[in-house]
Every structure is written in structure tokens, then in C-alpha cells.
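Colleague: Take this structure first; my questions come after.
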2 protein chains.
Amino acid sequence: MLSVEEATQRIIAAFTPLESERVPLEDAAGRTLAADALAKADQPPFPSSAMDGYAVRSADQGLRRVIGAPHAGHPFPRAVGPQEAVRLFTGSRVPDGADAVLAQEDARVAGDRVEFSATPFPGKFIRAKGLDFRAGQVLAAKGACLSARHLALLAAGDLSHVEAVRRPLIALASTGDELSLPGSPRMPGGIVASSVYGLMPWIAQWGGLPRNLGILPDDSETIAALAEEKCDLLVTMGGASVGDHDLVRPALDAKGFALDFWKIAMRPGKPLIFGHLGKTPLLGLPGNPVSSLVCALLYLRPAIWAMLGRKPEQLLKPARLIGTLDANGERQDYLRAKGEWRDGVLWARPFPRQDSSLLKDFSAADLLVMRPPRAPALTEGGTIEVLALE
Amino acid sequence: MLSVEEATQRIIAAFTPLESERVPLEDAAGRTLAADALAKADQPPFPSSAMDGYAVRSADQGLRRVIGAPHAGHPFPRAVGPQEAVRLFTGSRVPDGADAVLAQEDARVAGDRVEFSATPFPGKFIRAKGLDFRAGQVLAAKGACLSARHLALLAAGDLSHVEAVRRPLIALASTGDELSLPGSPRMPGGIVASSVYGLMPWIAQWGGLPRNLGILPDDSETIAALAEEKCDLLVTMGGASVGDHDLVRPALDAKGFALDFWKIAMRPGKPLIFGHLGKTPLLGLPGNPVSSLVCALLYLRPAIWAMLGRKPEQLLKPARLIGTLDANGERQDYLRAKGEWRDGVLWARPFPRQDSSLLKDFSAADLLVMRPPRAPALTEGGTIEVLALE
């Protein structure tokens, strides 16, 4: 059996970034940059006022004459001369000739005359042209997943579009005669196909485009037809176990399935398959929903991120244990747990029952506690590593 | 000037949950439940095997005869009798008559005979009917924001739809003659409208439906026409400052704008407006993009969550300070900062420049350090409260 780390590395190595496409800024949230996004203009584009106040010449002293009060977006048309002042608002362009701004709180106005209780110096309350960023500067780097704040920044940099990596199309097939759709009639001994309802939103969150192929019966021809599916990654759920009735591998083998690996030393989720069906990579997740979702976090997410060209992130975080844990066996464990903050430190309390059939506990968990193979027993307060679930 | 806490409370108090609608499970990620979601069936729906192995009667001993090996979804049609065994896979229905499962690792098979090196007891390796959850049990509570895992769980509970709160429609108007669209020609002294590109994805993430009304010029009639807009909350950006040329309030006042409050003792973001235009609540955010986005986090997000009936969350988390901070003045500060983890503890390093015009620093930050009014000076390691930015 393969270790989790080796399986992850082999999956990441099997993918390269997809081609890019031009995306309007308003549709670019969560998209991954295919190239550095460079500012097209300085920000601010001109020296601008940091205060509501008056633009003045710092060399002047005493009473000044207010020669204008331009609206925002209607800059003052001439230079400020000796003993002159121009009324300004925060963010307004500082007119030529002026080299300082004095705040309105420090101004005493009488008619068109103004006197100040503060002393100007060159640059006072002025945001220099390009203070925030300069044209040509990188606003967001290749590989960045665009946040809401990135988009505001790129807009300020005068970008209407970005070059984003195409979203990988992930086709999802649930396999098994025992499966039915939620709310549909069920056969005796049947269960509802549930994993796919968790995988679709996760895939979308991770930057992929999910396509649900529905439930495939345990029938070689139907399964073999998956080989015709056009997508960037084919994901099957179920049929990967060591069961005598496993049809997925033989059916795919007949279509030239090239196995890279299967079975991973982990719990939940041992029966994972990875390989290629022609040019299409195939990830076979376990049929058990908890196992299938944990494996998706560990293997499907990095596969999507590799296709997006996103930098791998350190997702495991240190935490401290609430309760005790026995020494671990040969498999890497992912225990469902609830986190709590104590004085700025994350503590995790594994649920008492860790059976992989418990989807309700999995849904109530916020962390997975990762236990490497042969990890020693731990007592309260022991250092552990955790993976956030949402 | 109002405190941040009082402004937040007054905004939350101004909204009540919207009506609900029936949403298919595959579209329900991120939606808020309008009512508890109850399981429609037990999970597992029958006693099921926790192992790949054999269903047996625990009262029997010695050699048993294998009488069948049903496929998943094709349960064994008759009861298991004395000295009989049925081959099963993990998750399969345990046939009537059997009360234990023995693992295949512990089985020695010869023809249709099987002998075990392990001893059964009643219930061994059997997941009881309803072990995960029972029909009628609450799988996700009213007010929950549905995660990917919730959806897998609800599917397992045989739910094809949920009752979700309608998404609040948030109309967004950028105001100011100085504004242009990204990539469009700019007038001298003009700047690009950027806040709205950050607000739209945030509103969607928070559960709202953003509608961008575009840029409104500083013109009373255009602004007054906002009163005709059909939405759950009208958000303006800009025009809220104390500038002599502020047109938004007079234009709205003429349409019967009822002011609840404006000006908040905070930085960035003092010039905030909240009130009602007829029956439509109106939130006037500052024109400065950093101020406008920080105010959206503090006031727009709770407004959306109040319309969704989501429980208010404690969003401030304890952290420790990297560097030093001077004593704070009369306004509540939100310092842009970078977080780092040290031995499971979150530390935050405020950026050296905190000018509200610095959108690039805001985009690079991951935390806001909250400093209450009159907070004392702090040295390295001091305890602070932080708000996560993404």
C-alpha cells in the first residue's frame, strides 16, 4: 500500500496547468491567474489629498484667498498661485502649484479668505502619484486564486479582464446497483447516492467545473462507456473495493485503463484508484461517502489545483489534543474532530466514534486530526496536526 | 459619532429574515436553511456490515456453509440458518437470521465451506439500522449555511430539496463624476470605480445576490431615481462624505429618505449612512475602496445574514501582536495586517503604512487588527483581536 504523501505526489505530478482564457473582472472571483496581472495605471493617478481641506503652497504664510472648490472628477483648471488656496476633498487631485494640504479642521474661513492654525510643509497630507502602486507593477501573481479584494485592486489598476486558467471539467460517476437518487424509490438493501452532492460544491469551490454523470449500474458496458467521456478528470465513486463483485476495474481495463496505483495506507479511504483511461486521468474514490469526501480533500483538490497551476499550500496546521489517543497502526488516520480556540491556540476534540459510516458526525466536524502511521499514544494537550474541513 | 457596536446592532435590528423557497439539493450549497432539515429515512436503512466478510449466527460454532454472495443492492433473499454463512461487503445489508459478521481476513474458505479464526458475538461488525441517524432527526438546523458536507448528509437522509431563505437582492450604485469603468477612458482627475468589483463576490459569498447598477453621476435626478429600485437593500458607494458637493443625501432626502444614523467612530470608514428610502433599507458606504470594503465586512455582511436568518457569529478572534502599537484615539481602528502561525498560536503583524488609500496592502492583508477606542499602547506579544479577511 502506498503512503498518503507518495499518492499525493504522484497525483500532482500527473497534471499540468490547463490553457488560459480571458475573463471579465466581474466573473473572475475564485479564478486562478494564468499570468501576473500588471497595473495599467498609477494609483493614485495624480497627487491627491489625504484630507478634506485646502491645497496651498507651503512657502506661503498667513491669509490666503480661496480661488475655487472643484467637484470630484472636475479638477481645478489652473495652477495655485502665491497666497492662494483651493478647497479639496479626500482623494481629489491636488492642483498644480500647490505642494501641501491643510485640514479643514485647522481652517478659519471668512468669505473667500482662509487662515490656518496649522503650518504646511511640502507633501503634507498629499498622497503621491503611485503611492498605492505604479503602472507595470504586479498586482496579483500568476497562480493566485483571485479574492474579492484582488478584484477591487485589479479594477483600481484599470484592468477590465484577466487571463485566468480554464476551469478543469470534472465528470462524476456514482457506481453501484444499490444506489438511488435522494427522494426516489429505493430497492430493499439500497442506499441513496450522497457523495456526489458534497463533491459538486467542493469541486466548484476548489476552482473546477463539476458535471454529474449520475448513477451507473454495475454493468460492464455502461462503465466502459465512461472511456468516451470528454473531461479533464473522470471521478468514479464506488466499485473500487476488493469486493468479488467489483466491476469497475475489469470494465475499464477492457478499455485500456492504465493503472498508476490503488490502495493507500490510510483510514478512512483505503480503496482509491488512480490511472488513465486513454488520455483522461481517472480517480476512483471509495463508495463510502465519508471515505470518498476525505479522499477528495486529499487527492482531488490537489489534482484540481495542479490543473489550475496553483501553488501547493501547507494545509496541515498544528493544534493540541483534547482527550487521549491510542498509538496508531500502519495506516494514516484522519479523525473527525471539533475544534475550539483557547487563548489563541487551536485545540481539537476527536469524536468518540470514528466509524467511516457516520456521515452526520463528519458533517458536524470542522477538522480532521491527521495521525501518521505508527504515531505514538497521546495524552491531553499533545501536539497534533489538523486539516480544516471547510 | 456612533460606536461600531451600536451601529452594528442598529443595522441587525433593522432586518428580518426573508421568505423561504424550495431549492434542489444540487443548487443548495451556501444557502441558509429556513427550517430544520429532517432525515426522511434511517441511515443505514438496515443493519449493515462494517467489514468485507461473512454474515453468521453468533450461536453457531465451527465450519459453516456459504449459501450466497449477494451483489450490493441485491440483498440475500432468505434468512441465514444454523451453520450457514453469507458473503458480504462493507455496507451490505446483513441478511435476516445473522447477528454477526466475521472479517474475510479471519476466514479460511474451501469450496462452499468456511472456517473462522475469530469468534463472533451478537452485533460484531454490524452497523445497526439508524446508527448514523434516524428518520425525523435534525440533520441541519434552521439558520445553518449549507456546506458541501451538509449536502452529502441531506442526500443520505433522502432529501431531494431544502427550504432555503430567499437570497437578498443587493443593488449597488457607485456614485461620483470622477469615476470610470476599468479599462475605459478616464477624465483628468478621474479614478476607476473599484469597490464594486470587490463587493459583488463578497455579497455572493455571504449569501446575497448582487446587482450592479453601475456608476451614477453626481446629479440629483439620477440619484433620486434610486428610490424606484426594487431590491432588499440598496448600497451606495461614495457621496457620503462631508464634502460641500455631497449630492447623495440631499437628493435622497427629497425622496423621503429617513436617516437612521451616519458617521461612525471608526477608521477607516467614518462616513457611513444607514436609513430607509421608503421601505427599502439603504446603506451608504464611503467612496474610498478600502473604507468601503471594511465597512461592508462590518455592516453589510451582518445585514445580509440578518435577512437570511443566520445566527450572528463571533468573528473576532484573539491573536498576539508582532511589533508595537501606539495608544489608540477616539475611533475604533481596523489595521491591515499579515497573520502567521507560531506553535499553533496566531500572530498578526500590522503593515507599517495604514493609509486608507492603500488598496494593494489591503489586498495583501489576511487580517484586520481591531483596536477599540482609547486602547492602550501595546508591545510585542500583546493580546489583540483580529478579524479574518477571506
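The chains in the C-alpha cells are called A, B, ... from first to last as shown; in each chain the residues are counted from 1, and the ligands are counted from 1 in the order shown.
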Taking only C-alpha atoms into account, find every residue of chain B that has an atom no more than 7 Å from chain A, and write it out as an MDAnalysis selection string.
Modeller: chainID B and resid 26 29 71:75 89 93 132 148:153 155:156 158:160 177:178 182:183 188:190 192:195 197:199 201:202 243 245 318:319 343:346 357:360 363
Colleague: Please identify the alpha helix (DSSP H) residues within range 241-359 of chain B (assignment by DSSP from backbone atoms) and present them as a list in words.
Modeller: Val248, Arg249, Pro250, Ala251, Leu252, Asp253, Pro289, Val290, Ser291, Ser292, Leu293, Val294, Cys295, Arg301, Pro302, Ala303, Ile304, Trp305, Ala306, Met307, Leu308 and Leu359 of chain B
Colleague: Counting only C-alpha atoms, what is within 9 Å of range 167-173 of chain A, bar same-chain residues fewer than 4 positions away, as a ChimeraX atom specification?
Modeller: /A:18,20,31-32,196,199-200,203,207-216,226,229-238,304,307-308
Colleague: What's the separation between CA of Arg353 in chain A and CA of Val56 in chain B, in Å to one decimal place?
Modeller: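 Calculated distance between CA of Arg353 in chain A and CA of Val56 in chain B is 24.6 Å.
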